[in-house]
file query-v1.txt (compact mmCIF, C-alpha atoms)
# COMPACT_ATOMS: atom_id res chain seq x y z
CA MET V 1 0.00 0.00 0.00
CA LYS V 2 2.83 2.36 0.90
CA SER V 3 4.59 1.61 -2.41
CA LYS V 4 1.42 2.40 -4.38
CA LEU V 5 1.01 5.69 -2.45
CA PHE V 6 4.63 6.60 -3.17
CA ILE V 7 4.14 5.92 -6.88
CA CYS V 8 1.02 8.13 -6.96
CA MET V 9 2.80 10.98 -5.18
CA PHE V 10 5.79 10.67 -7.55
CA ALA V 11 3.46 10.81 -10.53
CA LEU V 12 1.77 13.95 -9.17
CA LEU V 13 5.03 15.84 -8.54
CA PRO V 14 5.27 17.33 -12.07
CA LEU V 15 1.70 18.64 -11.73
CA LEU V 16 2.47 20.11 -8.32
CA TRP V 17 5.61 21.80 -9.67
CA GLN V 18 3.66 23.09 -12.66
CA GLY V 19 1.05 24.64 -10.36
CA CYS V 20 3.78 26.55 -8.54
CA SER V 21 5.54 27.96 -11.63
CA ASP V 22 4.75 30.07 -14.66
CA GLU V 23 4.00 28.76 -18.17
CA ASP V 24 7.71 28.42 -18.97
CA GLY V 25 8.38 26.26 -15.94
CA ASN V 26 10.15 29.03 -14.04
CA PRO V 27 9.39 29.90 -10.41
CA PRO V 28 6.89 32.78 -10.03
CA LYS V 29 8.44 36.24 -9.88
CA LYS V 30 8.67 37.96 -6.54
CA PRO V 31 6.41 41.03 -6.30
CA ILE V 32 8.16 44.35 -6.76
CA ILE V 33 6.81 45.47 -3.40
CA GLU V 34 4.96 43.67 -0.62
CA GLY V 35 1.51 44.60 0.61
CA ALA V 36 0.79 46.93 -2.33
CA GLY V 37 -2.62 48.09 -3.53
CA ILE V 38 -4.77 51.16 -4.09
CA VAL V 39 -7.16 52.73 -1.60
CA GLU V 40 -9.75 53.46 -4.34
CA GLU V 41 -9.95 49.85 -5.61
CA GLY V 42 -13.11 49.37 -7.70
CA GLN V 43 -14.32 52.95 -7.33
CA THR V 44 -15.50 55.26 -10.12
CA LEU V 45 -13.28 58.33 -10.33
CA ASN V 46 -13.27 61.57 -12.32
CA PRO V 47 -10.39 62.99 -14.36
CA GLY V 48 -8.04 64.76 -11.95
CA ASP V 49 -9.11 62.73 -8.89
CA MET V 50 -6.33 61.36 -6.72
CA VAL V 51 -5.41 57.68 -6.43
CA HIS V 52 -3.54 56.58 -3.30
CA VAL V 53 -1.11 53.70 -3.81
CA TYR V 54 0.03 51.97 -0.62
CA GLY V 55 2.78 49.46 0.10
CA ASN V 56 6.00 48.88 2.03
CA GLY V 57 9.23 50.36 0.72
CA PHE V 58 8.53 52.60 -2.24
CA ARG V 59 11.55 54.16 -3.92
CA GLU V 60 11.70 57.70 -5.27
CA SER V 61 12.56 56.24 -8.69
CA ASP V 62 9.34 54.16 -8.78
CA ARG V 63 6.83 55.10 -11.46
CA ILE V 64 3.06 54.63 -11.62
CA SER V 65 1.27 54.10 -14.92
CA PHE V 66 -2.18 53.20 -16.23
CA ASP V 67 -3.60 50.78 -18.77
CA VAL V 68 -6.75 52.48 -20.05
CA ARG V 69 -9.38 50.36 -21.82
CA TRP V 70 -12.69 51.54 -23.24
CA ASP V 71 -15.56 50.28 -25.39
CA THR V 72 -15.27 51.50 -28.97
CA GLY V 73 -18.62 50.33 -30.34
CA ASP V 74 -16.75 48.74 -33.25
CA GLU V 75 -17.56 45.05 -33.78
CA LEU V 76 -14.16 44.37 -35.35
CA MET V 77 -12.24 46.11 -32.55
CA PRO V 78 -14.61 46.37 -29.58
CA GLU V 79 -12.02 47.54 -27.04
CA GLY V 80 -9.63 50.45 -27.24
CA LEU V 81 -6.36 50.42 -25.30
CA ARG V 82 -3.89 53.09 -24.29
CA SER V 83 -0.85 51.63 -22.50
CA PRO V 84 1.14 52.66 -20.64
CA VAL V 85 -0.09 56.11 -19.63
CA ASP V 86 2.38 57.71 -17.23
CA ALA V 87 0.68 58.94 -14.08
CA GLU V 88 1.43 62.35 -12.59
CA ILE V 89 2.85 61.80 -9.10
CA THR V 90 1.63 64.54 -6.76
CA SER V 91 3.21 63.23 -3.54
CA TRP V 92 5.60 60.47 -2.50
CA GLU V 93 6.24 58.73 0.81
CA PRO V 94 8.02 55.40 1.52
CA ASP V 95 4.64 53.80 2.20
CA GLU V 96 2.32 55.80 -0.11
CA ILE V 97 2.37 57.40 -3.55
CA THR V 98 -0.43 59.72 -4.67
CA VAL V 99 -1.14 60.11 -8.37
CA ARG V 100 -3.68 62.03 -10.45
CA MET V 101 -6.18 60.31 -12.75
CA PRO V 102 -5.66 61.30 -16.40
CA TYR V 103 -7.64 63.85 -18.37
CA ARG V 104 -8.72 63.69 -22.04
CA MET V 105 -9.75 60.01 -21.86
CA PRO V 106 -13.07 58.34 -22.73
CA GLU V 107 -15.12 56.52 -20.07
CA ALA V 108 -12.81 53.63 -19.30
CA ARG V 109 -11.58 50.76 -17.17
CA VAL V 110 -8.20 51.62 -15.69
CA GLU V 111 -5.60 49.22 -14.30
CA VAL V 112 -2.93 50.81 -12.10
CA PHE V 113 0.68 49.59 -12.30
CA LEU V 114 3.92 50.08 -10.38
CA SER V 115 7.13 50.09 -12.46
CA ARG V 116 10.67 49.55 -11.19
CA ASP V 117 13.88 48.54 -12.98
CA GLY V 118 12.04 47.42 -16.09
CA GLU V 119 9.50 45.33 -14.15
CA ARG V 120 5.77 46.12 -13.92
CA MET V 121 3.33 45.06 -11.22
CA SER V 122 -0.47 45.43 -11.20
CA LEU V 123 -1.83 47.24 -8.14
CA GLY V 124 -5.56 47.32 -8.77
CA ASN V 125 -8.38 48.65 -10.90
CA VAL V 126 -10.66 51.69 -10.97
CA LEU V 127 -13.27 53.10 -13.35
CA LEU V 128 -12.84 56.49 -15.03
CA THR V 129 -15.66 58.81 -16.07
CA ASP V 130 -15.66 60.45 -19.51
CA GLY V 131 -13.03 63.17 -19.80
CA MET V 132 -12.99 63.70 -23.58
CA THR V 133 -12.44 67.34 -24.48
CA PRO V 134 -14.47 69.34 -27.04
CA LYS V 135 -14.30 68.16 -30.63
CA ASP V 136 -15.59 71.44 -32.02
CA PHE V 137 -13.32 74.46 -32.29
CA ARG V 138 -13.83 77.53 -30.12
CA LEU V 139 -12.35 80.99 -30.48
CA TYR V 140 -10.30 82.15 -27.49
CA GLY V 141 -9.25 85.66 -26.54
CA ILE V 142 -6.13 86.54 -24.52
CA ASP V 143 -6.49 89.67 -22.39
CA ASN V 144 -3.10 90.47 -20.87
CA GLY V 145 -4.47 93.51 -19.03
CA LYS V 146 -7.04 91.44 -17.13
CA GLY V 147 -4.76 88.38 -17.01
CA THR V 148 -7.40 86.07 -18.50
CA ILE V 149 -8.01 83.64 -21.34
CA GLU V 150 -11.65 83.53 -22.42
CA THR V 151 -13.84 81.50 -24.74
CA ILE V 152 -15.29 84.25 -26.92
CA TYR V 153 -17.10 82.26 -29.64
CA ALA V 154 -18.32 78.73 -30.32
CA ASP V 155 -20.43 77.35 -33.19
CA HIS V 156 -22.55 75.32 -30.79
CA GLU V 157 -24.29 76.37 -27.61
CA THR V 158 -21.63 76.04 -24.97
CA GLU V 159 -20.52 77.65 -21.75
CA LEU V 160 -18.14 80.54 -22.42
CA LYS V 161 -15.40 79.94 -19.86
CA THR V 162 -12.75 82.23 -18.41
CA TRP V 163 -9.37 81.12 -17.03
CA ASP V 164 -7.05 83.14 -14.81
CA MET V 165 -3.51 83.20 -16.22
CA GLY V 166 -2.04 83.68 -12.75
CA ALA V 167 1.45 85.17 -12.78
CA ARG V 168 1.98 84.70 -16.53
CA THR V 169 0.03 87.75 -17.67
CA ASP V 170 2.67 88.35 -20.38
CA PHE V 171 1.51 85.19 -22.20
CA ARG V 172 1.69 85.92 -25.93
CA SER V 173 1.91 84.43 -29.42
CA PRO V 174 -0.66 81.67 -28.69
CA THR V 175 -1.08 78.58 -30.87
CA ASN V 176 -3.25 75.49 -30.52
CA VAL V 177 -2.43 71.84 -31.13
CA THR V 178 -5.69 70.11 -32.03
CA GLN V 179 -7.40 68.10 -29.29
CA THR V 180 -5.02 69.19 -26.52
CA TYR V 181 -7.64 71.56 -25.02
CA GLY V 182 -5.10 74.20 -24.18
CA LEU V 183 -2.79 76.78 -25.73
CA CYS V 184 0.95 76.95 -26.37
CA GLY V 185 2.61 80.34 -26.12
CA LEU V 186 5.56 82.36 -24.85
CA ALA V 187 6.12 83.93 -21.43
CA GLU V 188 9.08 85.27 -19.48
CA GLU V 189 10.87 83.15 -16.89
CA ASP V 190 14.22 83.94 -15.27
CA GLY V 191 14.75 86.77 -17.74
CA LEU V 192 14.23 84.54 -20.79
CA SER V 193 11.36 84.04 -23.20
CA GLN V 194 10.20 80.43 -22.73
CA PRO V 195 7.52 78.19 -24.34
CA PHE V 196 4.61 77.15 -22.11
CA PHE V 197 1.35 75.22 -22.38
CA PHE V 198 -1.76 76.43 -20.56
CA ASP V 199 -4.00 73.46 -19.76
CA PHE V 200 -7.73 74.22 -19.94
CA CYS V 201 -8.50 71.01 -18.03
CA THR V 202 -6.50 71.98 -14.96
CA GLY V 203 -5.91 75.72 -15.35
CA GLU V 204 -2.20 75.00 -14.85
CA TRP V 205 0.96 75.90 -16.77
CA LYS V 206 3.39 73.36 -18.18
CA HIS V 207 6.87 74.34 -19.28
CA LEU V 208 7.62 72.94 -22.75
CA LYS V 209 11.12 71.87 -23.76
CA ASP V 210 13.63 73.29 -21.33
CA TYR V 211 16.97 73.89 -23.04
CA TYR V 212 18.53 75.31 -19.86
CA GLY V 213 19.28 78.91 -20.69
CA PHE V 214 18.05 78.97 -24.28
CA ASN V 215 15.92 81.94 -25.28
CA ALA V 216 12.81 81.35 -27.41
CA LEU V 217 12.68 83.75 -30.37
CA ALA V 218 9.27 82.66 -31.62
CA LEU V 219 6.84 79.79 -31.96
CA ALA V 220 5.68 78.33 -35.25
CA ASP V 221 2.34 76.69 -36.00
CA THR V 222 2.53 73.66 -38.30
CA GLY V 223 -1.19 73.86 -39.00
CA GLY V 224 -2.87 72.46 -35.90
CA ASN V 225 -0.92 69.20 -35.61
CA GLY V 226 2.05 70.63 -33.79
CA THR V 227 3.95 73.65 -32.51
CA ALA V 228 7.69 74.30 -32.83
CA ALA V 229 9.98 76.81 -31.13
CA PHE V 230 12.98 78.77 -32.40
CA LEU V 231 15.58 78.62 -29.62
CA THR V 232 18.90 80.41 -29.22
CA PRO V 233 21.65 79.89 -26.60
CA ASP V 234 23.66 83.01 -27.48
CA GLY V 235 21.49 85.45 -29.45
CA SER V 236 23.26 84.79 -32.75
CA SER V 237 22.68 81.10 -33.55
CA CYS V 238 19.33 79.36 -33.51
CA LEU V 239 17.68 75.96 -33.87
CA ILE V 240 14.05 74.91 -34.32
CA ALA V 241 12.59 72.08 -32.22
CA GLY V 242 9.17 70.52 -31.89
CA ILE V 243 7.80 71.24 -28.42
CA SER V 244 4.27 69.78 -28.50
CA SER V 245 4.75 66.05 -29.14
CA GLY V 246 4.56 65.28 -25.40
CA LEU V 247 1.18 66.94 -24.90
CA GLU V 248 -1.72 64.61 -24.18
CA ARG V 249 -4.41 64.75 -26.85
CA SER V 250 -8.01 63.64 -26.57
CA ASN V 251 -7.74 61.57 -29.73
CA TYR V 252 -7.57 57.99 -28.47
CA ALA V 253 -10.67 56.92 -30.38
CA THR V 254 -9.47 58.62 -33.58
CA PRO V 255 -5.66 58.71 -33.54
CA GLN V 256 -3.89 61.49 -35.43
CA THR V 257 -0.27 62.06 -36.36
CA ARG V 258 1.67 64.43 -34.15
CA ASN V 259 3.42 66.65 -36.62
CA SER V 260 6.31 68.59 -35.11
CA PRO V 261 9.73 69.01 -36.71
CA PRO V 262 12.69 67.31 -35.02
CA VAL V 263 15.53 69.27 -33.47
CA SER V 264 17.46 70.99 -36.29
CA PRO V 265 21.10 72.04 -36.60
CA PHE V 266 22.09 75.54 -35.49
CA PHE V 267 21.84 78.32 -38.07
CA THR V 268 22.92 81.96 -37.81
CA ILE V 269 20.26 84.61 -37.25
CA PRO V 270 20.36 87.15 -40.12
CA GLU V 271 22.70 90.08 -39.60
CA GLY V 272 21.06 93.10 -38.02
CA LEU V 273 18.31 91.04 -36.33
CA SER V 274 18.16 90.03 -32.66
CA PRO V 275 15.98 87.62 -30.66
CA GLU V 276 13.77 90.32 -29.09
CA MET V 277 12.59 91.39 -32.58
CA PHE V 278 10.69 88.12 -33.04
CA GLY V 279 7.84 86.46 -31.17
CA SER V 280 4.95 88.93 -31.26
CA SER V 281 3.15 86.46 -33.54
CA PRO V 282 3.86 82.78 -34.25
CA GLY V 283 5.55 81.84 -37.49
CA ALA V 284 3.47 80.17 -40.20
CA PHE V 285 4.56 76.93 -41.85
CA MET V 286 3.99 76.91 -45.59
CA GLN V 287 2.71 73.95 -47.59
CA GLY V 288 4.86 70.88 -46.96
CA ASN V 289 6.02 72.20 -43.58
CA ARG V 290 9.55 72.80 -44.83
CA THR V 291 9.56 76.60 -44.68
CA VAL V 292 8.43 78.95 -41.89
CA LEU V 293 7.44 82.59 -42.38
CA LEU V 294 8.51 84.91 -39.54
CA SER V 295 8.40 88.66 -38.95
CA ALA V 296 11.03 90.73 -37.15
CA ASP V 297 10.15 94.13 -35.65
CA LYS V 298 13.24 96.34 -36.03
CA GLY V 299 11.55 99.31 -34.37
CA ASN V 300 10.69 102.77 -35.67
CA GLY V 301 8.20 101.36 -38.16
CA ARG V 302 10.67 98.99 -39.83
CA TRP V 303 10.19 95.23 -40.25
CA SER V 304 11.99 92.35 -41.92
CA LEU V 305 10.17 89.45 -43.58
CA VAL V 306 12.19 86.39 -42.60
CA ALA V 307 11.89 82.84 -43.90
CA TYR V 308 13.41 79.74 -42.33
CA ALA V 309 13.98 76.65 -44.47
CA LEU V 310 14.40 73.38 -42.59
CA GLY V 311 17.86 72.09 -43.35
CA SER V 312 19.35 75.33 -44.68
CA GLY V 313 18.37 78.07 -42.22
CA PHE V 314 17.27 81.70 -42.41
CA TYR V 315 16.96 84.00 -45.40
CA LEU V 316 15.27 87.37 -45.97
CA LEU V 317 12.20 87.73 -48.18
CA GLU V 318 12.25 91.48 -47.59
CA LYS V 319 15.19 93.04 -45.76
CA GLU V 320 13.14 96.01 -44.65
CA VAL V 321 9.49 97.00 -44.93
CA GLU V 322 8.03 100.23 -43.60
CA ALA V 323 5.00 99.13 -41.59
CA GLU V 324 3.31 99.42 -38.21
CA ALA V 325 2.41 95.71 -38.08
CA VAL V 326 3.48 92.55 -39.93
CA VAL V 327 1.73 89.30 -38.96
CA PRO V 328 2.43 85.89 -40.58
CA PHE V 329 -0.64 83.71 -41.20
CA TYR V 330 -1.77 80.52 -42.91
CA PHE V 331 -5.04 78.84 -43.83
CA HIS V 332 -6.16 75.61 -45.46
CA VAL V 333 -8.05 75.37 -48.74
CA GLU V 334 -9.71 72.29 -50.15
CA PRO V 335 -7.84 70.46 -52.94
CA THR V 336 -8.77 71.38 -56.48
CA VAL V 337 -8.09 69.83 -59.87
CA ALA V 338 -5.13 72.18 -60.16
CA GLU V 339 -3.88 71.22 -56.71
CA PRO V 340 -4.72 67.50 -56.35
CA SER V 341 -3.94 66.07 -52.95
CA SER V 342 -5.30 63.58 -50.46
CA GLN V 343 -4.88 66.29 -47.84
CA THR V 344 -5.96 69.89 -47.60
CA TYR V 345 -3.69 72.45 -49.20
CA LYS V 346 -2.11 75.17 -47.08
CA LEU V 347 -1.48 78.76 -48.10
CA ALA V 348 0.65 81.18 -46.08
CA GLY V 349 1.60 84.82 -46.20
CA TYR V 350 1.69 88.12 -44.32
CA ALA V 351 -0.87 90.64 -43.13
CA ILE V 352 0.81 94.07 -43.36
CA PHE V 353 -0.39 97.42 -42.06
CA HIS V 354 1.63 100.26 -43.58
CA GLY V 355 -0.17 102.92 -41.57
CA ASP V 356 -2.25 104.17 -44.49
CA GLY V 357 -5.68 102.99 -43.29
CA GLU V 358 -5.82 99.38 -44.49
CA SER V 359 -4.14 96.08 -43.67
CA LEU V 360 -3.15 94.11 -46.77
CA PHE V 361 -3.17 90.32 -46.90
CA ARG V 362 -0.51 88.93 -49.24
CA LEU V 363 0.41 85.30 -49.91
CA ILE V 364 3.88 83.86 -50.47
CA ASP V 365 4.31 81.66 -53.53
CA ASN V 366 5.11 78.08 -52.51
CA GLU V 367 7.38 77.49 -55.51
CA LYS V 368 9.47 80.68 -55.48
CA PRO V 369 9.09 82.45 -52.14
CA GLU V 370 8.09 86.01 -52.91
CA LEU V 371 5.19 88.28 -52.00
CA GLN V 372 2.14 88.18 -54.24
CA GLU V 373 -0.34 90.97 -54.76
CA ALA V 374 -2.83 91.46 -51.92
CA PHE V 375 -5.86 89.16 -52.16
CA ALA V 376 -7.77 91.06 -49.46
CA SER V 377 -7.67 94.26 -47.43
CA LEU V 378 -9.28 95.35 -44.18
CA PRO V 379 -9.64 98.85 -42.72
CA GLY V 380 -7.48 99.26 -39.62
CA LYS V 381 -4.31 97.81 -38.13
CA VAL V 382 -3.97 94.02 -38.03
CA VAL V 383 -3.18 92.76 -34.52
CA TYR V 384 -3.46 88.96 -34.81
CA VAL V 385 -4.56 86.36 -37.36
CA THR V 386 -5.80 82.81 -36.69
CA HIS V 387 -7.34 80.00 -38.74
CA CYS V 388 -9.99 77.46 -37.75
CA PRO V 389 -9.24 73.96 -39.11
CA GLY V 390 -12.13 72.76 -41.23
CA ARG V 391 -13.19 76.28 -42.22
CA TYR V 392 -11.42 76.10 -45.54
CA GLY V 393 -10.34 79.36 -47.10
CA THR V 394 -11.01 81.51 -44.02
CA ILE V 395 -8.94 83.62 -41.65
CA THR V 396 -10.10 85.25 -38.41
CA VAL V 397 -8.51 88.62 -37.73
CA LEU V 398 -8.19 90.83 -34.64
CA VAL V 399 -8.05 94.36 -36.02
CA GLU V 400 -7.76 97.81 -34.45
CA ASN V 401 -9.61 100.75 -35.99
CA ASP V 402 -10.04 104.21 -34.42
CA GLY V 403 -8.72 102.89 -31.12
CA LYS V 404 -11.21 100.00 -30.94
CA ARG V 405 -10.46 96.34 -31.57
CA SER V 406 -12.87 93.93 -33.24
CA VAL V 407 -12.89 90.40 -34.62
CA MET V 408 -13.50 89.92 -38.35
CA GLU V 409 -13.49 86.87 -40.60
CA TYR V 410 -12.53 86.72 -44.25
CA ASP V 411 -13.90 84.00 -46.57
CA ARG V 412 -11.70 83.59 -49.64
CA ASN V 413 -14.35 81.43 -51.28
CA SER V 414 -16.75 84.39 -51.53
CA ASN V 415 -14.20 87.20 -51.08
CA THR V 416 -16.24 88.69 -48.23
CA TRP V 417 -15.63 89.98 -44.71
CA SER V 418 -18.04 89.46 -41.81
CA GLY V 419 -18.03 90.40 -38.14
CA TYR V 420 -18.81 88.47 -34.95
CA ASP V 421 -21.73 89.52 -32.79
CA GLY V 422 -20.53 90.95 -29.50
CA LEU V 423 -16.89 91.17 -30.63
CA SER V 424 -16.90 94.67 -32.12
CA ASP V 425 -15.25 96.43 -29.16
CA VAL V 426 -12.90 94.10 -27.31
CA ALA V 427 -9.68 94.43 -25.30
CA TYR V 428 -7.95 91.25 -26.47
CA ASP V 429 -4.25 91.19 -27.33
CA ALA V 430 -4.52 87.95 -29.35
CA ILE V 431 -7.14 85.48 -30.56
CA VAL V 432 -6.77 81.84 -31.51
CA TRP V 433 -8.99 78.95 -32.61
CA GLY V 434 -8.54 75.73 -30.66
CA ASN V 435 -10.06 72.59 -29.19
call {"tool": "encode", "arguments": {"input": "query-v1.txt", "output": "structure tokens"}}
result
Amino acid sequence: MKSKLFICMFALLPLLWQGCSDEDGNPPKKPIIEGAGIVEEGQTLNPGDMVHVYGNGFRESDRISFDVRWDTGDELMPEGLRSPVDAEITSWEPDEITVRMPYRMPEARVEVFLSRDGERMSLGNVLLTDGMTPKDFRLYGIDNGKGTIETIYADHETELKTWDMGARTDFRSPTNVTQTYGLCGLAEEDGLSQPFFFDFCTGEWKHLKDYYGFNALALADTGGNGTAAFLTPDGSSCLIAGISSGLERSNYATPQTRNSPPVSPFFTIPEGLSPEMFGSSPGAFMQGNRTVLLSADKGNGRWSLVAYALGSGFYLLEKEVEAEAVVPFYFHVEPTVAEPSSQTYKLAGYAIFHGDGESLFRLIDNEKPELQEAFASLPGKVVYVTHCPGRYGTITVLVENDGKRSVMEYDRNSNTWSGYDGLSDVAYDAIVWGN
């Protein structure tokens, strides 16, 4: 009887060993940390809510991340996945880490993970309410005097919100990267012009691309898919770098390409120009995103029209123009038989106010960069120009006339100007479309 029992136990040993090992026959891995979990296990949380991770012996180098899963409604791919999503750590203690739930996500199931030395350990699960940001574009106004950013127009009925800019009331040259629900722009810090992102979800500032002592001449708008910055370490040489690729976008259900140029070589700033002459308005990328149009204010009513070609550097379109304002701009037009493309076609140029009563809007030829004749004019001094993606052939202009500023829109398809109700006497320093 004993011999039969011994034989049975011997035969069961492989099964017992298999039950105590992983699929490859190796012993199970030791947990990264003992006694770990999350206080909010199984709860439904909102974007921005805090999650408290507990355990014994956290290290300052530990990282927390999320796997975010949501229902797509697509029979072929019923579940969407974003993984890993780095969590923002708001506080750290040896026995507790507090992180913030992500914004810009759909209603989702979220698994929380601890990462250390290349290993990843599941801590628990929570549910996340819908945090998707607006799909439609709204027009925003920057009022540096009041220190606010305001929603000033929307196509659909929506709450017109106001955000306090806090200490960065010098925020200028705003651009939008689609579906980030915030604005990129320039502001002073430690005596230098630096690129920042203002987050509409949190009302907080995020510093973009710190080059440790580099001064930002200007930003450049690639057309809604990205923002780049011209950066100089010494005031004479300059590079261009994409600064928006790290921004979270509410596009998980409909992914889009993040289009920002890589870091370029250094090129010399044109003779007679200095960093402080740039930056009042963002540069405009021309079709193909290989050339940027910039303007340099030389003072005393003198401007230079500056182009920057990726790979070869700066050159002057016009060495000097007598004007009170020069603002680069771009807008998209739908493809035509003459301009076949699977994508929209982009036109770029300058709005120039010579001080003679009207601002002239002139395009730059994409083939041989030179100013064309004005395609439109507007009474008053141009202050800022922005374009709403999807509104093909249109530009929205902040213009000053007889000491009052108003918002006007030009439609190239019908060659007509129209105003915005309630925006005929405003105090904004810049306007920008965004979502």
call {"tool": "residues_near_point", "arguments": {"input": "query-v1.txt", "point": "(-2.9, 85.0, -19.4)", "cutoff": "9 Å", "atoms": "only C-alpha atoms", "output": "list in words"}}
result
Ile142, Asp143, Asn144, Gly145, Lys146, Gly147, Thr148, Ile149, Trp163, Asp164, Met165, Gly166, Ala167, Arg168, Thr169, Asp170, Phe171, Arg172 and Phe198 of chain V
call {"tool": "residues_around", "arguments": {"input": "query-v1.txt", "residues": "Ile152 in chain V", "least_positions_apart": "2", "cutoff": "6 Å", "atoms": "all atoms listed in the file", "output": "PyMOL selection string"}}
result
chain V and resi 139-140+150
call {"tool": "closest_atom_pairs", "arguments": {"input": "query-v1.txt", "of": "range 274-333 of chain V", "to": "range 386-403 of chain V", "cutoff": "9 Å", "atoms": "all atoms listed in the file", "output": "CSV"}}
result
residue,atom,partner,partner_atom,distance
V:Phe329,CA,V:Thr386,CA,6.9
V:Tyr330,CA,V:His387,CA,7.0
V:Phe331,CA,V:His387,CA,5.7
V:His332,CA,V:Tyr392,CA,5.3
V:Val333,CA,V:Tyr392,CA,4.7
call {"tool": "closest_residue", "arguments": {"input": "query-v1.txt", "among": "V:Ala218, V:Ile32, V:Met132, V:Met101", "to": "Asp117 in chain V", "atoms": "all atoms listed in the file"}}
result
V:Ile32
call {"tool": "residues_around", "arguments": {"input": "query-v1.txt", "residues": "Leu293 in chain V", "least_positions_apart": "2", "cutoff": "10 Å", "atoms": "all atoms listed in the file", "output": "list in words"}}
result
Ala220, Pro282, Gly283, Ala284, Phe285, Met286, Thr291, Ser295, Leu305, Val306, Ala307, Tyr308, Ala309, Phe314, Leu316, Leu317, Val327, Pro328, Phe329, Tyr330, Ala348, Gly349, Tyr350, Ile364 and Pro369 of chain V
call {"tool": "write_last_selection", "arguments": {"input": "query-v1.txt", "atoms": "C-alpha atoms", "output": "compact mmCIF listing (two decimals), in the frame of the given file"}}
result
# COMPACT_ATOMS: atom_id res chain seq x y z
CA ALA V 220 5.68 78.33 -35.25
CA PRO V 282 3.86 82.78 -34.25
CA GLY V 283 5.55 81.84 -37.49
CA ALA V 284 3.47 80.17 -40.20
CA PHE V 285 4.56 76.93 -41.85
CA MET V 286 3.99 76.91 -45.59
CA THR V 291 9.56 76.60 -44.68
CA SER V 295 8.40 88.66 -38.95
CA LEU V 305 10.17 89.45 -43.58
CA VAL V 306 12.19 86.39 -42.60
CA ALA V 307 11.89 82.84 -43.90
CA TYR V 308 13.41 79.74 -42.33
CA ALA V 309 13.98 76.65 -44.47
CA PHE V 314 17.27 81.70 -42.41
CA LEU V 316 15.27 87.37 -45.97
CA LEU V 317 12.20 87.73 -48.18
CA VAL V 327 1.73 89.30 -38.96
CA PRO V 328 2.43 85.89 -40.58
CA PHE V 329 -0.64 83.71 -41.20
CA TYR V 330 -1.77 80.52 -42.91
CA ALA V 348 0.65 81.18 -46.08
CA GLY V 349 1.60 84.82 -46.20
CA TYR V 350 1.69 88.12 -44.32
CA ILE V 364 3.88 83.86 -50.47
CA PRO V 369 9.09 82.45 -52.14
call {"tool": "atom_distance", "arguments": {"input": "query-v1.txt", "atom1": "CA of Gly37 in chain V", "atom2": "CA of Arg109 in chain V"}}
result
16.5 Å
call {"tool": "residues_around", "arguments": {"input": "query-v1.txt", "residues": "range 180-182 of chain V", "least_positions_apart": "5", "cutoff": "12 Å", "atoms": "all atoms listed in the file", "output": "JSON, numbers by chain"}}
result
{"V": [103, 104, 105, 131, 132, 133, 134, 135, 136, 137, 138, 139, 140, 149, 150, 151, 163, 174, 175, 196, 197, 198, 199, 200, 201, 202, 203, 204, 205, 206, 224, 225, 226, 227, 244, 245, 246, 247, 248, 249, 250, 251, 252, 256, 258, 432, 433, 434, 435]}
